[in-house]
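Data file: input06.txt. Format and content: compact mmCIF, C-alpha atoms and all ligand atoms.
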# COMPACT_ATOMS: atom_id res chain seq x y z
CA MET Z 1 80.39 86.10 87.57
CA PRO Z 2 81.27 89.28 85.71
CA PHE Z 3 84.41 90.11 83.84
CA GLU Z 4 85.02 86.59 82.57
CA ASN Z 5 85.64 87.78 79.05
CA LEU Z 6 87.30 90.98 80.17
CA GLY Z 7 89.81 89.06 82.28
CA ASP Z 8 90.69 86.77 79.38
CA ARG Z 9 90.95 89.61 76.94
CA LEU Z 10 93.15 91.67 79.21
CA ARG Z 11 95.49 88.78 79.91
CA ASN Z 12 95.71 88.27 76.17
CA ALA Z 13 96.50 91.92 75.59
CA PHE Z 14 99.51 91.66 77.87
CA LYS Z 15 100.76 88.36 76.46
CA ASP Z 16 102.82 90.01 73.77
CA LEU Z 17 104.60 92.13 76.34
CA ARG Z 18 105.82 89.12 78.25
CA GLY Z 19 109.48 88.18 77.99
CA LYS Z 20 110.45 91.43 76.34
CA GLY Z 21 113.51 92.91 78.00
CA LYS Z 22 112.63 96.38 76.98
CA LEU Z 23 109.28 97.80 75.90
CA SER Z 24 108.85 100.43 73.23
CA ALA Z 25 106.07 103.00 73.17
CA ASP Z 26 104.62 101.01 70.25
CA ASP Z 27 104.49 97.84 72.31
CA ILE Z 28 102.52 99.68 74.97
CA ASP Z 29 100.19 101.31 72.48
CA ASN Z 30 99.46 97.97 70.82
CA ALA Z 31 98.60 96.42 74.16
CA LEU Z 32 96.47 99.40 75.17
CA ARG Z 33 94.53 99.23 71.92
CA GLU Z 34 93.48 95.71 72.91
CA VAL Z 35 92.69 96.87 76.43
CA ARG Z 36 90.45 99.59 75.04
CA LYS Z 37 88.61 97.13 72.81
CA SER Z 38 88.07 94.75 75.68
CA LEU Z 39 86.71 97.50 77.93
CA LEU Z 40 84.22 98.55 75.27
CA GLU Z 41 83.18 94.94 74.74
CA ALA Z 42 82.60 94.69 78.48
CA ASP Z 43 80.14 97.59 77.97
CA VAL Z 44 82.24 100.17 79.78
CA ASN Z 45 81.14 103.74 79.11
CA PHE Z 46 82.98 105.09 76.07
CA LYS Z 47 84.40 108.18 77.74
CA VAL Z 48 85.40 106.22 80.81
CA ALA Z 49 87.31 103.72 78.66
CA LYS Z 50 89.05 106.52 76.81
CA LYS Z 51 90.22 108.24 79.96
CA PHE Z 52 91.30 104.94 81.45
CA ILE Z 53 93.57 104.22 78.50
CA ALA Z 54 95.01 107.74 78.56
CA ASP Z 55 95.79 107.44 82.28
CA VAL Z 56 97.43 104.03 81.93
CA ARG Z 57 99.43 105.21 78.93
CA GLU Z 58 100.73 108.25 80.73
CA LYS Z 59 101.91 106.17 83.66
CA ALA Z 60 103.30 103.37 81.50
CA LEU Z 61 105.29 105.74 79.33
CA GLY Z 62 106.87 107.22 82.42
CA GLU Z 63 110.27 106.06 83.60
CA GLU Z 64 108.72 103.19 85.51
CA VAL Z 65 108.20 100.76 82.66
CA PHE Z 66 111.32 101.48 80.73
CA GLY Z 67 113.50 101.21 83.79
CA SER Z 68 111.95 98.06 85.19
CA LEU Z 69 113.33 94.54 84.85
CA LYS Z 70 109.97 92.97 84.07
CA PRO Z 71 108.18 95.69 82.14
CA ASP Z 72 105.11 93.54 81.42
CA GLN Z 73 104.55 93.07 85.16
CA THR Z 74 104.86 96.81 85.65
CA VAL Z 75 102.23 97.52 82.99
CA ILE Z 76 99.89 94.97 84.57
CA LYS Z 77 100.41 96.60 87.96
CA ILE Z 78 99.54 99.99 86.51
CA VAL Z 79 96.38 98.55 84.93
CA ARG Z 80 95.45 96.85 88.22
CA ASP Z 81 95.85 100.13 90.13
CA GLU Z 82 93.81 102.03 87.56
CA LEU Z 83 91.06 99.39 87.57
CA THR Z 84 90.93 99.65 91.35
CA ALA Z 85 90.60 103.43 91.06
CA LEU Z 86 87.90 103.03 88.42
CA LEU Z 87 85.92 100.74 90.70
CA GLY Z 88 86.06 103.38 93.42
CA GLY Z 89 89.54 103.16 94.96
CA THR Z 90 89.07 102.25 98.57
CA GLN Z 91 86.10 100.47 100.08
CA THR Z 92 83.21 102.75 101.09
CA LYS Z 93 81.03 101.34 103.82
CA ILE Z 94 77.50 102.36 104.60
CA THR Z 95 77.41 104.88 107.41
CA LEU Z 96 75.78 103.63 110.58
CA SER Z 97 75.49 106.17 113.34
CA SER Z 98 77.00 104.90 116.55
CA THR Z 99 74.18 106.30 118.65
CA GLY Z 100 70.47 106.43 117.92
CA LEU Z 101 68.68 105.38 114.80
CA THR Z 102 70.23 105.10 111.33
CA VAL Z 103 67.75 105.62 108.51
CA ILE Z 104 68.58 103.88 105.24
CA MET Z 105 66.43 104.64 102.22
CA LEU Z 106 66.54 102.19 99.32
CA VAL Z 107 65.51 103.55 95.94
CA GLY Z 108 65.55 102.15 92.43
CA LEU Z 109 63.58 101.04 89.41
CA GLN Z 110 61.18 98.12 89.53
CA GLY Z 111 62.87 94.77 89.18
CA ALA Z 112 66.32 96.06 90.14
CA GLY Z 113 66.22 93.89 93.25
CA LYS Z 114 65.32 96.56 95.80
CA THR Z 115 62.96 94.54 98.00
CA THR Z 116 65.17 91.45 97.99
CA THR Z 117 68.14 93.66 98.84
CA ALA Z 118 66.21 95.19 101.74
CA GLY Z 119 65.82 91.70 103.21
CA LYS Z 120 69.47 90.80 102.56
CA LEU Z 121 70.67 94.05 104.10
CA ALA Z 122 68.52 93.55 107.20
CA LEU Z 123 70.07 90.12 107.68
CA MET Z 124 73.59 91.43 107.04
CA LEU Z 125 73.10 94.14 109.68
CA LYS Z 126 71.58 91.70 112.11
CA LYS Z 127 74.66 89.53 111.80
CA LYS Z 128 76.74 92.57 112.66
CA GLY Z 129 74.83 92.84 115.93
CA LYS Z 130 72.37 95.53 114.82
CA ASN Z 131 68.61 95.55 115.42
CA PRO Z 132 67.14 96.55 112.07
CA MET Z 133 63.55 97.15 111.10
CA LEU Z 134 62.13 97.07 107.58
CA ALA Z 135 59.49 99.48 106.31
CA ALA Z 136 57.23 98.97 103.30
CA CYS Z 137 56.81 102.35 101.61
CA ASP Z 138 55.64 101.05 98.23
CA VAL Z 139 51.90 101.70 98.20
CA TYR Z 140 51.40 101.09 94.49
CA ARG Z 141 52.08 97.39 94.39
CA PRO Z 142 50.21 95.56 97.18
CA ALA Z 143 52.38 92.55 96.36
CA ALA Z 144 55.46 94.57 97.35
CA ILE Z 145 54.22 94.89 100.94
CA LYS Z 146 53.53 91.18 101.13
CA GLN Z 147 56.93 90.40 99.59
CA LEU Z 148 58.69 92.48 102.25
CA GLN Z 149 56.63 90.88 105.01
CA VAL Z 150 57.61 87.41 103.80
CA LEU Z 151 61.27 88.45 103.62
CA GLY Z 152 61.01 89.94 107.11
CA GLU Z 153 59.70 86.63 108.43
CA GLN Z 154 62.53 84.75 106.73
CA VAL Z 155 65.25 86.94 108.21
CA LYS Z 156 63.33 87.45 111.47
CA VAL Z 157 63.24 91.21 111.27
CA PRO Z 158 60.06 93.21 112.02
CA VAL Z 159 58.35 94.90 109.08
CA TYR Z 160 56.46 98.18 109.41
CA ALA Z 161 53.55 98.45 106.96
CA GLU Z 162 50.29 100.37 106.64
CA GLU Z 163 48.20 98.26 104.36
CA ASP Z 164 45.41 100.79 103.80
CA SER Z 165 47.55 103.87 103.40
CA HIS Z 166 48.30 105.63 100.15
CA GLU Z 167 50.75 108.08 101.65
CA PRO Z 168 54.32 106.83 101.32
CA VAL Z 169 55.77 109.94 102.94
CA GLU Z 170 53.58 109.43 105.99
CA ILE Z 171 54.41 105.74 106.15
CA ALA Z 172 58.12 106.56 106.08
CA ARG Z 173 57.70 109.08 108.89
CA HIS Z 174 55.64 106.69 110.98
CA ALA Z 175 58.12 103.89 110.34
CA VAL Z 176 60.98 106.03 111.64
CA ASP Z 177 58.93 106.98 114.73
CA GLU Z 178 58.03 103.36 115.34
CA ALA Z 179 61.65 102.21 114.97
CA ARG Z 180 62.67 104.80 117.52
CA ARG Z 181 59.88 103.81 119.89
CA LEU Z 182 60.89 100.16 119.66
CA GLY Z 183 64.54 101.02 120.24
CA ARG Z 184 65.71 99.62 116.88
CA ASP Z 185 69.02 101.05 115.65
CA VAL Z 186 68.50 100.84 111.86
CA VAL Z 187 65.38 101.30 109.77
CA ILE Z 188 65.48 100.31 106.09
CA LEU Z 189 62.85 102.05 103.95
CA ASP Z 190 61.84 100.04 100.88
CA THR Z 191 60.45 102.70 98.55
CA ALA Z 192 58.39 102.31 95.39
CA GLY Z 193 59.97 101.75 92.02
CA ARG Z 194 58.69 102.37 88.52
CA LEU Z 195 59.54 100.77 85.22
CA THR Z 196 61.15 104.00 84.10
CA ILE Z 197 62.20 107.15 85.88
CA ASP Z 198 59.35 109.63 86.13
CA GLU Z 199 58.98 112.96 87.82
CA ALA Z 200 56.17 111.79 90.13
CA LEU Z 201 58.41 109.05 91.53
CA MET Z 202 61.28 111.47 92.02
CA GLU Z 203 59.06 114.00 93.74
CA GLU Z 204 57.76 111.36 96.13
CA LEU Z 205 61.32 110.25 96.95
CA ARG Z 206 62.43 113.86 97.46
CA GLN Z 207 59.56 114.35 99.89
CA ILE Z 208 60.45 111.25 101.87
CA LYS Z 209 64.05 112.47 101.94
CA SER Z 210 63.07 115.90 103.22
CA LYS Z 211 60.79 114.47 105.90
CA VAL Z 212 62.93 111.68 107.35
CA HIS Z 213 66.50 112.88 106.58
CA PRO Z 214 68.01 109.49 105.76
CA HIS Z 215 71.64 108.89 106.71
CA GLU Z 216 72.05 106.87 103.55
CA ILE Z 217 70.14 106.97 100.28
CA LEU Z 218 71.24 103.89 98.39
CA LEU Z 219 70.27 103.30 94.78
CA VAL Z 220 69.71 99.66 93.90
CA LEU Z 221 70.78 98.92 90.32
CA ASP Z 222 70.59 95.82 88.16
CA SER Z 223 74.13 95.31 86.84
CA MET Z 224 72.80 93.21 83.98
CA THR Z 225 71.30 96.33 82.41
CA GLY Z 226 74.82 97.65 81.74
CA GLN Z 227 74.96 101.26 80.61
CA ASP Z 228 71.24 101.71 81.37
CA ALA Z 229 72.15 101.23 85.03
CA VAL Z 230 74.73 103.99 84.68
CA THR Z 231 72.18 106.34 83.08
CA THR Z 232 69.71 105.52 85.87
CA ALA Z 233 72.36 106.25 88.49
CA LYS Z 234 73.11 109.62 86.95
CA ALA Z 235 69.39 110.52 86.80
CA PHE Z 236 68.71 109.54 90.43
CA ASP Z 237 71.77 111.36 91.65
CA ASP Z 238 70.92 114.54 89.73
CA SER Z 239 67.29 114.53 90.78
CA LEU Z 240 67.37 113.12 94.32
CA GLY Z 241 71.00 112.93 95.40
CA ILE Z 242 72.29 109.52 96.40
CA ASP Z 243 75.04 108.44 98.78
CA GLY Z 244 75.99 105.29 96.95
CA THR Z 245 74.80 102.35 94.92
CA ILE Z 246 74.08 98.68 95.45
CA LEU Z 247 74.79 96.69 92.32
CA THR Z 248 72.65 93.56 92.16
CA LYS Z 249 72.73 90.42 90.02
CA LEU Z 250 76.48 90.58 89.53
CA ASP Z 251 76.32 86.78 89.44
CA GLY Z 252 74.41 86.97 86.17
CA ASP Z 253 76.38 89.79 84.58
CA ALA Z 254 79.03 88.42 82.26
CA ARG Z 255 80.34 91.81 81.18
CA GLY Z 256 80.74 94.11 84.16
CA GLY Z 257 80.44 97.44 82.33
CA ALA Z 258 78.13 99.01 84.90
CA ALA Z 259 80.47 98.20 87.79
CA LEU Z 260 83.37 99.74 85.91
CA SER Z 261 81.56 102.93 84.88
CA ILE Z 262 79.28 103.99 87.74
CA LYS Z 263 81.84 105.60 90.03
CA ALA Z 264 83.50 107.47 87.18
CA VAL Z 265 80.19 108.74 85.74
CA THR Z 266 78.36 109.64 88.97
CA GLY Z 267 81.17 110.09 91.49
CA LYS Z 268 79.14 107.91 93.87
CA PRO Z 269 80.62 104.68 95.22
CA ILE Z 270 79.35 101.14 94.91
CA LYS Z 271 78.81 100.17 98.53
CA LEU Z 272 77.34 96.69 98.29
CA ILE Z 273 76.96 94.02 95.62
CA GLY Z 274 74.30 91.37 95.08
CA VAL Z 275 75.93 88.08 94.18
CA SER Z 276 73.07 85.59 94.39
CA GLU Z 277 69.35 85.36 95.06
CA LYS Z 278 70.00 83.96 98.53
CA LEU Z 279 69.14 86.14 101.49
CA ASP Z 280 72.01 84.76 103.48
CA GLY Z 281 75.30 85.55 101.77
CA GLY Z 282 73.69 87.00 98.65
CA LEU Z 283 74.83 90.53 99.50
CA GLU Z 284 78.48 91.45 100.03
CA GLU Z 285 80.49 94.52 100.87
CA PHE Z 286 82.30 95.83 97.84
CA TYR Z 287 86.10 95.98 97.71
CA PRO Z 288 87.44 97.67 94.56
CA ASN Z 289 90.92 96.14 94.92
CA ARG Z 290 89.56 92.61 95.27
CA MET Z 291 87.37 93.09 92.23
CA ALA Z 292 90.33 94.42 90.21
CA SER Z 293 92.38 91.38 91.18
CA ARG Z 294 89.51 89.10 90.28
CA ILE Z 295 89.47 90.64 86.81
CA LEU Z 296 93.19 90.29 86.20
CA ASP Z 297 94.21 87.12 88.06
P1 LIG S 301 62.34 95.17 93.08
O1 LIG S 301 61.22 95.32 92.12
O2 LIG S 301 63.45 96.14 92.78
O3 LIG S 301 61.93 95.22 94.51
O4 LIG S 301 63.01 93.75 92.78
P2 LIG S 301 62.93 92.36 93.57
O5 LIG S 301 63.59 92.50 94.90
O6 LIG S 301 61.55 91.85 93.54
O7 LIG S 301 63.92 91.47 92.68
C1 LIG S 301 63.66 91.13 91.34
C2 LIG S 301 64.29 89.77 91.05
O8 LIG S 301 65.71 89.87 91.09
C3 LIG S 301 63.93 88.71 92.07
O9 LIG S 301 63.65 87.51 91.37
C4 LIG S 301 65.20 88.55 92.90
O10 LIG S 301 65.34 87.26 93.45
C5 LIG S 301 66.26 88.83 91.88
N1 LIG S 301 67.53 89.31 92.47
C6 LIG S 301 67.73 90.38 93.28
N2 LIG S 301 69.04 90.52 93.59
C7 LIG S 301 69.70 89.51 92.97
C8 LIG S 301 71.09 89.13 92.88
O11 LIG S 301 72.00 89.75 93.42
N3 LIG S 301 71.36 88.01 92.13
C9 LIG S 301 70.38 87.30 91.49
N4 LIG S 301 70.75 86.24 90.77
N5 LIG S 301 69.08 87.66 91.53
C10 LIG S 301 68.74 88.74 92.27

As structure tokens - that is how I would like this structure written.
Amino acid sequence: MPFENLGDRLRNAFKDLRGKGKLSADDIDNALREVRKSLLEADVNFKVAKKFIADVREKALGEEVFGSLKPDQTVIKIVRDELTALLGGTQTKITLSSTGLTVIMLVGLQGAGKTTTAGKLALMLKKKGKNPMLAACDVYRPAAIKQLQVLGEQVKVPVYAEEDSHEPVEIARHAVDEARRLGRDVVILDTAGRLTIDEALMEELRQIKSKVHPHEILLVLDSMTGQDAVTTAKAFDDSLGIDGTILTKLDGDARGGAALSIKAVTGKPIKLIGVSEKLDGGLEEFYPNRMASRILD
């Protein structure tokens, strides 16, 4: 799980504040210097870490800390609140329209966990009483279609595919039509990925977007790639426009820098997190406050 080191380091940074009846500005600055170091070691974006420290400092140097009986607890509370804000503040759910069909478009680089996440999301929605359908829009990797079909069988969700087609935009359109015809209420489009971002990929995704008007464009990101995930998020948002992110492989990410930087850098929330390879239970809704507590407690 992420933040193991960060949690330890932060607790350490506050140790010296404990038991002090009154804190000086120096005490706070010393602790914040450690906090800053630990954020950078957790691979948090440099500017994000800098602003975080400035915000905590401003609040801590206010009346609050100096007037409180347990100043160390007050500083920790401020840090907890700021971490929650950094992770996105309040929970942001995916938008499902209450009537008719919701179109969810999953985008991302190859290997980020997009196809697996499509299967996990279909199962999650099914458990919420929805009737999802999956659609294979990756025409470049024949194995991707098969992978989605196997996942669909495992979670017992129908998969729309056109094995001989080379037109992802058409497949997406047909998939939406088919979902409507079958009376499904959610269709999840699994789009193609590439090893790196290229203009052809972006153009294809923009075309799908303009043809099917997804309610949600969710970018699937591998949290283990740290700041690369943040750069990818920025590029997809600038070029395509995304509604949120799904951060996968959090179970293998010891540092957590991507999770702590993405909202601040892109302004787009983390909506779901991948916490294991398992289809059932491997995808969770993301609660910034719970994650902040997990870091500090
Ligand atoms: P795609 O190329 O983006 O479609 O990626 P895949 O869905 O094929 O996933 C790539 C690998 O990541 C697979 O081995 C998945 O099992 C694995 N994976 C995806 N999400 C998670 C996750 O949340 N945790 C772990 N541990 N592995 C994951």

Item to complete: Using all atoms listed in the file, pick whichever of Z:Glu216, Z:Asp55, Z:Asp280, Z:Asp243 has the shortest atom-to-atom distance to Gln154 in chain Z.
Response: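 Counting all atoms listed in the file, the residue closest to Gln154 in chain Z is Z:Asp280.
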
Work out where the centre of an axis-aligned box around every listed atom of range 54-62 of chain Z lies and how long its edges are once 5 Å is added on each side; give both in Å to one decimal as JSON.
{"center_x": 100.9, "center_y": 105.8, "center_z": 81.1, "size_x": 21.9, "size_y": 14.9, "size_z": 15.1}

Practice prompt. Would you mind listing what lies within 8 Å of range 282-291 of chain Z as a PyMOL selection string, with all atoms listed in the file counted and same-chain residues fewer than 2 positions away left out?
Written response: chain Z and resi 81+84-85+87-93+117+120-121+124+270-280+293-295

Item to complete: Could you give me, as a ChimeraX atom specification, the residues within 12 Å of range 24-35 of chain Z, counting only C-alpha atoms and dropping anything in the same chain fewer than 5 positions from it?
Response: /Z:5-18,40-42,44,49-63,65-67,71-72,74-76,78-79,83,296

Write a file of the just-selected residues containing C-alpha atoms, as a short mmCIF file (atom, residue, chain, number, x, y, z; two decimals), in the frame of the given file.
data_model
loop_
_atom_site.label_atom_id
_atom_site.label_comp_id
_atom_site.auth_asym_id
_atom_site.auth_seq_id
_atom_site.Cartn_x
_atom_site.Cartn_y
_atom_site.Cartn_z
CA ASN Z 5 85.64 87.78 79.05
CA LEU Z 6 87.30 90.98 80.17
CA GLY Z 7 89.81 89.06 82.28
CA ASP Z 8 90.69 86.77 79.38
CA ARG Z 9 90.95 89.61 76.94
CA LEU Z 10 93.15 91.67 79.21
CA ARG Z 11 95.49 88.78 79.91
CA ASN Z 12 95.71 88.27 76.17
CA ALA Z 13 96.50 91.92 75.59
CA PHE Z 14 99.51 91.66 77.87
CA LYS Z 15 100.76 88.36 76.46
CA ASP Z 16 102.82 90.01 73.77
CA LEU Z 17 104.60 92.13 76.34
CA ARG Z 18 105.82 89.12 78.25
CA LEU Z 40 84.22 98.55 75.27
CA GLU Z 41 83.18 94.94 74.74
CA ALA Z 42 82.60 94.69 78.48
CA VAL Z 44 82.24 100.17 79.78
CA ALA Z 49 87.31 103.72 78.66
CA LYS Z 50 89.05 106.52 76.81
CA LYS Z 51 90.22 108.24 79.96
CA PHE Z 52 91.30 104.94 81.45
CA ILE Z 53 93.57 104.22 78.50
CA ALA Z 54 95.01 107.74 78.56
CA ASP Z 55 95.79 107.44 82.28
CA VAL Z 56 97.43 104.03 81.93
CA ARG Z 57 99.43 105.21 78.93
CA GLU Z 58 100.73 108.25 80.73
CA LYS Z 59 101.91 106.17 83.66
CA ALA Z 60 103.30 103.37 81.50
CA LEU Z 61 105.29 105.74 79.33
CA GLY Z 62 106.87 107.22 82.42
CA GLU Z 63 110.27 106.06 83.60
CA VAL Z 65 108.20 100.76 82.66
CA PHE Z 66 111.32 101.48 80.73
CA GLY Z 67 113.50 101.21 83.79
CA PRO Z 71 108.18 95.69 82.14
CA ASP Z 72 105.11 93.54 81.42
CA THR Z 74 104.86 96.81 85.65
CA VAL Z 75 102.23 97.52 82.99
CA ILE Z 76 99.89 94.97 84.57
CA ILE Z 78 99.54 99.99 86.51
CA VAL Z 79 96.38 98.55 84.93
CA LEU Z 83 91.06 99.39 87.57
CA LEU Z 296 93.19 90.29 86.20
#

Worksheet item: Given the choices Z:Ile171, Z:Val107, Z:Leu151, Z:Arg184, which gets closest to Lys211 in chain Z if the distance is worked out from all atoms listed in the file?
Response: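 Closest residue, counting all atoms listed in the file: Z:Ile171.
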
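The gap separating CA of Leu189 in chain Z from CA of Gly100 in chain Z is 16.5 Å, in Å to one decimal.
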
Worksheet item: Which is closer to ligand LIG 301 (chain S) than all the others in Z:Gln73, Z:Thr225, Z:Ser261, Z:Gln147, using all atoms listed in the file?
Response: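 Looking only at the distances to ligand LIG 301 (chain S), the closest residue turns out to be Z:Gln147.
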
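Atom pair CA of Leu101 in chain Z / CA of Lys156 in chain Z: separated by 19.0 Å.
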
Discussion item. Ranking Z:Arg36, Z:Lys70, Z:His174, Z:Lys249 by minimum distance to ligand LIG 301 (chain S) and counting only C-alpha atoms and all ligand atoms, which one comes first?
Written reply: Z:Lys249

Item to complete: Tell me, as an MDAnalysis selection string, which residues lie within 12 Å of Ile208 in chain Z, counting all atoms listed in the file; anything in the same chain fewer than 4 positions away does not count.
Response: chainID Z and resid 103:107 137:138 167:176 189:192 201:204 212:214 217 240

Worksheet item: For the atom pair CA of Ala161 in chain Z and CA of Arg194 in chain Z, what is the interatomic distance in Å to one decimal place?
Response: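 Result for CA of Ala161 in chain Z versus CA of Arg194 in chain Z: 19.5 Å, one decimal.
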
Fill in: Nearest to ligand LIG 301 (chain S), chosen from Z:Ser97, Z:Asn45, Z:Asn131, Z:Thr115, with only C-alpha atoms and all ligand atoms counted in the distances
Z:Thr115

Worksheet item: With only C-alpha atoms and all ligand atoms as the atoms that count, which of Z:Phe3, Z:Tyr140, Z:Tyr160, Z:Phe46 lies nearest to ligand LIG 301 (chain S)?
Response: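 Once distances to ligand LIG 301 (chain S) are computed over only C-alpha atoms and all ligand atoms, the minimum belongs to Z:Tyr140.
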
Practice prompt. Select, counting all atoms listed in the file, all protein, DNA and RNA residues no farther than 10 Å from (63.0, 102.8, 89.8) in file coordinates, and express the selection as a list of chain:residue names.
Written response: Z:Val107, Z:Gly108, Z:Leu109, Z:Gln110, Z:Gly111, Z:Ala112, Z:Lys114, Z:Thr191, Z:Ala192, Z:Gly193, Z:Arg194, Z:Leu195, Z:Thr196, Z:Ile197, Z:Asp198, Z:Leu201, Z:Met202, Z:Leu219, Z:Val220, Z:Leu221, Z:Thr232, Z:Phe236
